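As stored in work.pdb (PDB, C-alpha atoms (C1' of nucleotides)):
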```
ATOM      1  CA  MET A   1     102.254 234.681 -71.565
ATOM      2  CA  VAL A   2     102.053 230.976 -71.829
ATOM      3  CA  VAL A   3      99.487 230.160 -74.455
ATOM      4  CA  GLY A   4     100.067 226.462 -74.864
ATOM      5  CA  MET A   5     100.500 225.437 -71.237
ATOM      6  CA  ALA A   6     102.201 222.345 -72.620
ATOM      7  CA  ALA A   7     103.210 220.990 -69.252
ATOM      8  CA  VAL A   8     103.638 217.558 -70.768
ATOM      9  CA  ASP A   9     105.699 216.494 -73.752
ATOM     10  CA  VAL A  10     103.597 216.257 -76.882
ATOM     11  CA  PHE A  11     105.690 213.379 -78.185
ATOM     12  CA  SER A  12     104.978 211.366 -75.058
ATOM     13  CA  ALA A  13     101.289 212.098 -75.408
ATOM     14  CA  LEU A  14     101.349 210.639 -78.911
ATOM     15  CA  ALA A  15     103.209 207.519 -77.835
ATOM     16  CA  ASN A  16      99.998 205.712 -76.894
ATOM     17  CA  PRO A  17      97.740 204.299 -79.640
ATOM     18  CA  VAL A  18      94.585 204.954 -77.641
ATOM     19  CA  ARG A  19      95.475 208.628 -77.334
ATOM     20  CA  ARG A  20      96.213 208.854 -81.041
ATOM     21  CA  GLY A  21      92.847 207.221 -81.707
ATOM     22  CA  LEU A  22      91.163 209.771 -79.485
ATOM     23  CA  LEU A  23      92.696 212.627 -81.430
ATOM     24  CA  GLU A  24      91.619 211.021 -84.701
ATOM     25  CA  ALA A  25      88.070 210.695 -83.406
ATOM     26  CA  LEU A  26      88.036 214.334 -82.353
ATOM     27  CA  ARG A  27      88.959 215.410 -85.855
ATOM     28  CA  ASP A  28      85.323 214.905 -86.841
ATOM     29  CA  GLY A  29      84.187 217.359 -84.183
ATOM     30  CA  PRO A  30      83.728 217.573 -80.418
ATOM     31  CA  ARG A  31      82.665 214.410 -78.645
ATOM     32  CA  ALA A  32      81.425 213.654 -75.150
ATOM     33  CA  ALA A  33      83.684 211.682 -72.830
ATOM     34  CA  GLY A  34      81.319 208.723 -72.693
ATOM     35  CA  ASP A  35      81.026 208.606 -76.447
ATOM     36  CA  LEU A  36      84.813 208.537 -76.726
ATOM     37  CA  ALA A  37      85.158 205.858 -74.061
ATOM     38  CA  GLY A  38      82.694 203.631 -75.903
ATOM     39  CA  ARG A  39      85.001 203.399 -78.888
ATOM     40  CA  PHE A  40      87.786 201.582 -77.096
ATOM     41  CA  ALA A  41      87.952 198.225 -75.368
ATOM     42  CA  LEU A  42      88.974 199.910 -72.172
ATOM     43  CA  SER A  43      87.412 200.887 -68.893
ATOM     44  CA  ARG A  44      85.946 204.356 -68.749
ATOM     45  CA  PRO A  45      88.424 205.617 -66.114
ATOM     46  CA  ALA A  46      91.300 204.519 -68.328
ATOM     47  CA  VAL A  47      90.007 206.612 -71.202
ATOM     48  CA  SER A  48      89.418 209.485 -68.806
ATOM     49  CA  GLU A  49      93.047 209.300 -67.777
ATOM     50  CA  HIS A  50      94.166 209.309 -71.401
ATOM     51  CA  LEU A  51      92.053 212.396 -71.977
ATOM     52  CA  SER A  52      93.728 213.977 -68.999
ATOM     53  CA  VAL A  53      97.136 213.346 -70.521
ATOM     54  CA  LEU A  54      95.999 214.902 -73.773
ATOM     55  CA  ARG A  55      94.689 217.917 -71.874
ATOM     56  CA  ASN A  56      98.006 218.348 -70.046
ATOM     57  CA  ALA A  57      99.732 218.289 -73.408
ATOM     58  CA  GLY A  58      97.364 220.980 -74.653
ATOM     59  CA  LEU A  59      95.981 218.687 -77.337
ATOM     60  CA  VAL A  60      92.354 218.772 -76.230
ATOM     61  CA  ARG A  61      90.106 221.285 -74.528
ATOM     62  CA  GLU A  62      87.125 220.293 -72.452
ATOM     63  CA  GLU A  63      83.829 222.101 -72.527
ATOM     64  CA  PRO A  64      81.281 221.126 -69.862
ATOM     65  CA  ARG A  65      77.776 221.273 -71.204
ATOM     66  CA  GLY A  66      74.982 220.009 -69.015
ATOM     67  CA  ARG A  67      75.886 216.693 -67.596
ATOM     68  CA  HIS A  68      78.126 215.940 -70.556
ATOM     69  CA  ARG A  69      81.681 217.003 -71.069
ATOM     70  CA  TYR A  70      82.639 217.664 -74.638
ATOM     71  CA  TYR A  71      86.231 217.356 -75.753
ATOM     72  CA  HIS A  72      87.554 219.526 -78.559
ATOM     73  CA  LEU A  73      90.642 218.870 -80.634
ATOM     74  CA  GLU A  74      93.384 221.440 -80.040
ATOM     75  CA  ALA A  75      95.822 220.716 -82.816
ATOM     76  CA  ARG A  76      98.271 223.569 -82.447
ATOM     77  CA  PRO A  77     100.764 221.700 -80.202
ATOM     78  CA  LEU A  78     101.082 219.136 -82.990
ATOM     79  CA  ALA A  79     103.007 221.787 -84.882
ATOM     80  CA  GLU A  80     105.932 221.041 -82.588
ATOM     81  CA  VAL A  81     105.991 217.498 -83.921
ATOM     82  CA  GLY A  82     105.751 218.729 -87.480
ATOM     83  CA  ASP A  83     108.585 221.175 -86.896
ATOM     84  CA  TRP A  84     110.776 218.478 -85.398
ATOM     85  CA  LEU A  85     109.979 216.118 -88.219
ATOM     86  CA  HIS A  86     110.606 218.592 -90.999
ATOM     87  CA  PRO A  87     114.431 218.433 -91.124
ATOM     88  CA  PHE A  88     114.127 214.674 -91.555
ATOM     89  CA  GLU A  89     111.732 214.752 -94.472
ATOM     90  CA  HIS A  90     114.520 215.144 -97.001
ATOM     91  CA  TYR A  91     115.836 211.754 -95.942
ATOM     92  CA  TRP A  92     112.800 209.800 -97.002
ATOM     93  CA  ARG A  93     111.084 211.950 -99.635
ATOM     94  CA  GLY A  94     111.875 212.417-103.285
ATOM     95  CA  ARG A  95     115.305 212.315-104.830
ATOM     96  CA  MET A  96     117.045 213.417-101.667
ATOM     97  CA  ALA A  97     116.238 210.068-100.082
ATOM     98  CA  ALA A  98     117.648 208.088-102.987
ATOM     99  CA  LEU A  99     120.711 210.295-103.029
ATOM    100  CA  ALA A 100     121.254 209.897 -99.322
ATOM    101  CA  ASP A 101     120.881 206.147 -99.572
ATOM    102  CA  LEU A 102     123.333 206.040-102.450
ATOM    103  CA  ILE A 103     125.912 208.097-100.615
ATOM    104  CA  ASP A 104     125.392 205.970 -97.567
ATOM    105  CA  GLU A 105     126.066 202.749 -99.435
ATOM    106  CA  GLU A 106     128.863 204.022-101.623
ATOM    107  CA  ASN A 107     130.659 205.694 -98.753
ATOM    108  CA  PRO A 108     130.767 203.224 -95.848
TER     109      PRO A 108
ATOM    110  CA  MET B   1     108.458 189.753 -96.574
ATOM    111  CA  VAL B   2     108.877 192.167 -93.780
ATOM    112  CA  VAL B   3     111.089 194.960 -94.975
ATOM    113  CA  GLY B   4     110.863 197.358 -92.085
ATOM    114  CA  MET B   5     110.980 194.905 -89.195
ATOM    115  CA  ALA B   6     109.378 197.664 -87.157
ATOM    116  CA  ALA B   7     108.806 195.495 -84.139
ATOM    117  CA  VAL B   8     108.437 198.584 -82.003
ATOM    118  CA  ASP B   9     106.113 201.545 -82.411
ATOM    119  CA  VAL B  10     107.850 204.520 -83.998
ATOM    120  CA  PHE B  11     105.806 206.945 -81.900
ATOM    121  CA  SER B  12     107.002 205.283 -78.712
ATOM    122  CA  ALA B  13     110.563 205.456 -79.952
ATOM    123  CA  LEU B  14     110.216 209.221 -80.380
ATOM    124  CA  ALA B  15     108.684 209.711 -76.946
ATOM    125  CA  ASN B  16     112.082 210.010 -75.276
ATOM    126  CA  PRO B  17     114.097 213.239 -75.664
ATOM    127  CA  VAL B  18     117.408 211.388 -75.597
ATOM    128  CA  ARG B  19     116.312 209.231 -78.512
ATOM    129  CA  ARG B  20     115.160 212.279 -80.441
ATOM    130  CA  GLY B  21     118.526 213.882 -79.748
ATOM    131  CA  LEU B  22     120.301 210.799 -81.047
ATOM    132  CA  LEU B  23     118.370 210.981 -84.303
ATOM    133  CA  GLU B  24     119.181 214.674 -84.629
ATOM    134  CA  ALA B  25     122.863 213.961 -84.109
ATOM    135  CA  LEU B  26     122.805 211.242 -86.748
ATOM    136  CA  ARG B  27     121.419 213.689 -89.294
ATOM    137  CA  ASP B  28     124.958 215.022 -89.734
ATOM    138  CA  GLY B  29     126.219 211.581 -90.690
ATOM    139  CA  PRO B  30     127.080 208.248 -89.095
ATOM    140  CA  ARG B  31     128.534 208.352 -85.604
ATOM    141  CA  ALA B  32     130.184 205.773 -83.368
ATOM    142  CA  ALA B  33     128.326 204.603 -80.279
ATOM    143  CA  GLY B  34     130.855 206.100 -77.903
ATOM    144  CA  ASP B  35     130.766 209.430 -79.672
ATOM    145  CA  LEU B  36     126.990 209.473 -79.338
ATOM    146  CA  ALA B  37     127.103 208.482 -75.683
ATOM    147  CA  GLY B  38     129.490 211.345 -74.927
ATOM    148  CA  ARG B  39     126.889 213.890 -75.939
ATOM    149  CA  PHE B  40     124.437 213.076 -73.175
ATOM    150  CA  ALA B  41     124.681 213.228 -69.393
ATOM    151  CA  LEU B  42     123.915 209.553 -69.230
ATOM    152  CA  SER B  43     125.758 206.347 -68.647
ATOM    153  CA  ARG B  44     127.008 204.576 -71.732
ATOM    154  CA  PRO B  45     124.781 201.522 -71.232
ATOM    155  CA  ALA B  46     121.749 203.806 -71.057
ATOM    156  CA  VAL B  47     122.575 205.319 -74.424
ATOM    157  CA  SER B  48     123.256 201.870 -75.799
ATOM    158  CA  GLU B  49     119.781 200.810 -74.721
ATOM    159  CA  HIS B  50     118.250 203.861 -76.379
ATOM    160  CA  LEU B  51     120.083 202.980 -79.562
ATOM    161  CA  SER B  52     118.659 199.491 -79.299
ATOM    162  CA  VAL B  53     115.150 200.891 -79.110
ATOM    163  CA  LEU B  54     115.813 203.012 -82.172
ATOM    164  CA  ARG B  55     117.128 199.962 -83.997
ATOM    165  CA  ASN B  56     114.012 197.948 -83.104
ATOM    166  CA  ALA B  57     111.930 200.760 -84.498
ATOM    167  CA  GLY B  58     113.970 200.659 -87.708
ATOM    168  CA  LEU B  59     115.191 204.204 -87.191
ATOM    169  CA  VAL B  60     118.910 203.452 -87.130
ATOM    170  CA  ARG B  61     121.160 200.897 -88.719
ATOM    171  CA  GLU B  62     124.434 199.785 -87.192
ATOM    172  CA  GLU B  63     127.577 199.164 -89.148
ATOM    173  CA  PRO B  64     130.436 197.465 -87.278
ATOM    174  CA  ARG B  65     133.781 198.765 -88.426
ATOM    175  CA  GLY B  66     136.842 197.670 -86.556
ATOM    176  CA  ARG B  67     136.230 198.025 -82.871
ATOM    177  CA  HIS B  68     133.806 200.840 -83.471
ATOM    178  CA  ARG B  69     130.155 200.537 -84.250
ATOM    179  CA  TYR B  70     128.789 203.256 -86.465
ATOM    180  CA  TYR B  71     125.132 204.144 -86.362
ATOM    181  CA  HIS B  72     123.357 205.410 -89.455
ATOM    182  CA  LEU B  73     120.110 207.325 -89.560
ATOM    183  CA  GLU B  74     117.297 205.355 -91.188
ATOM    184  CA  ALA B  75     114.599 207.969 -91.635
ATOM    185  CA  ARG B  76     112.029 206.060 -93.652
ATOM    186  CA  PRO B  77     109.923 204.884 -90.678
ATOM    187  CA  LEU B  78     109.465 208.540 -89.773
ATOM    188  CA  ALA B  79     107.172 208.736 -92.766
ATOM    189  CA  GLU B  80     104.579 206.934 -90.683
ATOM    190  CA  VAL B  81     104.592 209.843 -88.255
ATOM    191  CA  GLY B  82     104.362 212.315 -91.097
ATOM    192  CA  ASP B  83     101.459 210.412 -92.605
ATOM    193  CA  TRP B  84      99.635 210.316 -89.301
ATOM    194  CA  LEU B  85     100.256 213.989 -88.729
ATOM    195  CA  HIS B  86      99.174 215.125 -92.147
ATOM    196  CA  PRO B  87      95.369 215.052 -91.655
ATOM    197  CA  PHE B  88      95.865 217.321 -88.638
ATOM    198  CA  GLU B  89      97.919 219.954 -90.407
ATOM    199  CA  HIS B  90      94.859 221.779 -91.661
ATOM    200  CA  TYR B  91      93.894 222.456 -88.073
ATOM    201  CA  TRP B  92      96.916 224.528 -87.228
ATOM    202  CA  ARG B  93      98.198 225.833 -90.555
ATOM    203  CA  GLY B  94      96.982 228.741 -92.643
ATOM    204  CA  ARG B  95      93.430 229.870 -92.915
ATOM    205  CA  MET B  96      91.978 226.475 -92.111
ATOM    206  CA  ALA B  97      93.173 226.859 -88.535
ATOM    207  CA  ALA B  98      91.559 230.255 -88.111
ATOM    208  CA  LEU B  99      88.388 228.950 -89.711
ATOM    209  CA  ALA B 100      88.306 225.910 -87.470
ATOM    210  CA  ASP B 101      88.878 228.053 -84.396
ATOM    211  CA  LEU B 102      86.122 230.406 -85.474
ATOM    212  CA  ILE B 103      83.650 227.604 -86.054
ATOM    213  CA  ASP B 104      84.665 226.078 -82.773
ATOM    214  CA  GLU B 105      83.963 229.250 -80.860
ATOM    215  CA  GLU B 106      80.842 230.265 -82.731
ATOM    216  CA  ASN B 107      79.329 226.813 -82.513
ATOM    217  CA  PRO B 108      79.804 225.560 -78.945
TER     218      PRO B 108
ATOM    219  C1'  DC C   1     150.484 187.056 -77.273
ATOM    220  C1'  DG C   2     148.688 190.543 -73.889
ATOM    221  C1'  DG C   3     146.900 194.828 -72.445
ATOM    222  C1'  DA C   4     143.946 198.607 -73.763
ATOM    223  C1'  DT C   5     139.752 200.110 -76.039
ATOM    224  C1'  DG C   6     134.930 200.151 -77.798
ATOM    225  C1'  DT C   7     130.581 198.262 -77.088
ATOM    226  C1'  DG C   8     126.612 195.033 -76.017
ATOM    227  C1'  DT C   9     124.258 192.693 -72.340
ATOM    228  C1'  DC C  10     122.845 191.387 -67.639
ATOM    229  C1'  DG C  11     121.079 192.064 -62.783
ATOM    230  C1'  DG C  12     118.556 194.899 -60.223
ATOM    231  C1'  DG C  13     116.234 198.855 -58.379
ATOM    232  C1'  DA C  14     113.456 203.135 -58.780
ATOM    233  C1'  DA C  15     110.043 205.514 -61.125
ATOM    234  C1'  DA C  16     106.297 205.987 -64.301
ATOM    235  C1'  DA C  17     102.504 204.217 -67.082
ATOM    236  C1'  DG C  18      98.380 201.743 -67.624
ATOM    237  C1'  DC C  19      94.387 199.452 -66.054
ATOM    238  C1'  DT C  20      90.212 198.357 -63.069
ATOM    239  C1'  DG C  21      86.572 198.605 -59.455
ATOM    240  C1'  DA C  22      84.746 201.678 -56.110
ATOM    241  C1'  DC C  23      83.456 206.199 -54.707
ATOM    242  C1'  DA C  24      82.384 211.320 -55.165
ATOM    243  C1'  DT C  25      80.336 215.144 -57.579
ATOM    244  C1'  DG C  26      77.358 217.564 -60.323
ATOM    245  C1'  DT C  27      73.341 217.677 -63.625
ATOM    246  C1'  DC C  28      69.018 216.549 -65.679
ATOM    247  C1'  DG C  29      63.970 214.886 -65.631
ATOM    248  C1'  DG C  30      59.875 214.021 -63.494
TER     249       DG C  30
ATOM    250  C1'  DC D   1      63.284 216.904 -54.214
ATOM    251  C1'  DC D   2      64.979 212.430 -55.814
ATOM    252  C1'  DG D   3      66.591 208.880 -58.744
ATOM    253  C1'  DA D   4      69.123 208.182 -63.024
ATOM    254  C1'  DC D   5      72.979 209.542 -65.626
ATOM    255  C1'  DA D   6      77.660 211.420 -67.081
ATOM    256  C1'  DT D   7      82.040 211.955 -65.561
ATOM    257  C1'  DG D   8      86.273 212.819 -62.698
ATOM    258  C1'  DT D   9      89.130 210.969 -59.060
ATOM    259  C1'  DC D  10      91.143 207.608 -55.772
ATOM    260  C1'  DA D  11      93.395 203.246 -54.051
ATOM    261  C1'  DG D  12      95.895 199.585 -55.473
ATOM    262  C1'  DC D  13      97.982 196.377 -58.502
ATOM    263  C1'  DT D  14     100.787 194.921 -62.616
ATOM    264  C1'  DT D  15     103.758 196.011 -66.275
ATOM    265  C1'  DT D  16     106.979 198.832 -68.523
ATOM    266  C1'  DT D  17     110.480 202.270 -68.760
ATOM    267  C1'  DC D  18     114.694 204.134 -67.467
ATOM    268  C1'  DC D  19     118.987 204.139 -65.343
ATOM    269  C1'  DC D  20     123.372 202.421 -63.407
ATOM    270  C1'  DG D  21     127.427 199.380 -62.089
ATOM    271  C1'  DA D  22     129.510 195.151 -63.353
ATOM    272  C1'  DC D  23     130.722 191.799 -66.566
ATOM    273  C1'  DA D  24     131.628 189.637 -71.247
ATOM    274  C1'  DC D  25     133.366 189.782 -75.828
ATOM    275  C1'  DA D  26     135.649 191.311 -79.753
ATOM    276  C1'  DT D  27     139.198 194.188 -81.966
ATOM    277  C1'  DC D  28     143.306 196.741 -82.298
ATOM    278  C1'  DC D  29     148.256 197.861 -81.052
ATOM    279  C1'  DG D  30     152.754 196.971 -79.548
TER     280       DG D  30
END
```
Please re-express this file's structure in structure tokens.
Amino acid sequence: MVVGMAAVDVFSALANPVRRGLLEALRDGPRAAGDLAGRFALSRPAVSEHLSVLRNAGLVREEPRGRHRYYHLEARPLAEVGDWLHPFEHYWRGRMAALADLIDEENP
Amino acid sequence: MVVGMAAVDVFSALANPVRRGLLEALRDGPRAAGDLAGRFALSRPAVSEHLSVLRNAGLVREEPRGRHRYYHLEARPLAEVGDWLHPFEHYWRGRMAALADLIDEENP
DNA sequence: CGGATGTGTCGGGAAAAGCTGACATGTCGG
DNA sequence: CCGACATGTCAGCTTTTCCCGACACATCCG
């Protein structure tokens, strides 16, 4: 049972600033495609393609309503990024970071 | 005073699985370029280019020693990813996720 | 010094990403 | 039913990414 259907790498989906901006906008609630497109200095088809990438990554869900098409944030795949990032946190947070830096400089 | 010199987007740097693998390998300590290249089914110049991208993103630091070139993990720029990700965590972690899903389904 | 080794860079080609204007489809309002 | 509207998709172009073989340069070893 594939729940995520993450056919596309989540990391690649996040590589584009427009797509990250779209996800940020969707944090405030579902938005219609046209509304989303109006927020970027980009043609409407370009934004539509970005939304398609996000959908393939499982990061948004589309809900057709009337002649609009509302996009919903689907944040669960972002957990993969958080999980990947977690083992690195020690290297930049708190005393572990300072310790690591110290060891790194003292032990070349 | 530019301390990070992050000329390249960190998110883009993480978009490639080889580059993510390089960072994972460097978590265990500094490694020579050849050692790193041997871990991937890729030509050595390709890995070298990936390392260059990571360096431009401020994610690795290179230390020439003899005829080797040791790469060190520089995790601090990853904090940007963590910071970006943080406002989304509520949507997939704990009760907030369930609540958000519920609201989303009840209020279409 | 001279050959072997480790590594960056260059030239170039294939593939993918990103963008836009034009067209197709489906929905609402009168 | 028909025109206006919202949106996805297509064709085509430009730019970027990704990869490799070949070359250049520096360092070590004998």
Check: If the PyMOL selection byres ((chain A and resi 84) around 12) is run on the structure shown, which residues does it catch, given as a list in words?
Finding: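 What the PyMOL selection byres ((chain A and resi 84) around 12) grabs from the file is Val10, Phe11, Pro77, Leu78, Ala79, Glu80, Val81, Gly82, Asp83, Leu85, His86, Pro87, Phe88 and Glu89 of chain A; Leu14, Pro17, Arg20, Gly21, Leu23, Glu24, Leu78, Val81, Gly82 and Leu85 of chain B.
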| message | Counting all atoms listed in the file, a student should be able to say which residues of chain C come within 8 Å of chain B; what is the right answer, written as number ranges by chain? | response | C: 5-8
Taken to one decimal, the atom C1' of C:DA16-atom CA of A:Arg19 distance is 17.1 Å
Chain A residues within 6 Å of chain B, counting all atoms listed in the file: which ones, as a list in words?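 Taken together, these residues fit the definition: Phe11, Ser12, Ala15, Ala75, Arg76, Tyr91 and Trp92 of chain A.
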- request: I need the residue set behind the PyMOL selection byres ((chain D) within 10 of (chain B)) for this file; please write it as a PyMOL selection string.
  value: chain D and resi 18-21+26-28
What separates atom CA of A:Asn56 and atom C1' of D:DA11 is a distance of 22.5 Å
Output the residue selection produced by the PyMOL selection byres ((chain D and resi 4) around 9) on the file above, formatted as an NGL selection string. (:C and (28-29)) or (:D and (3 or 5))
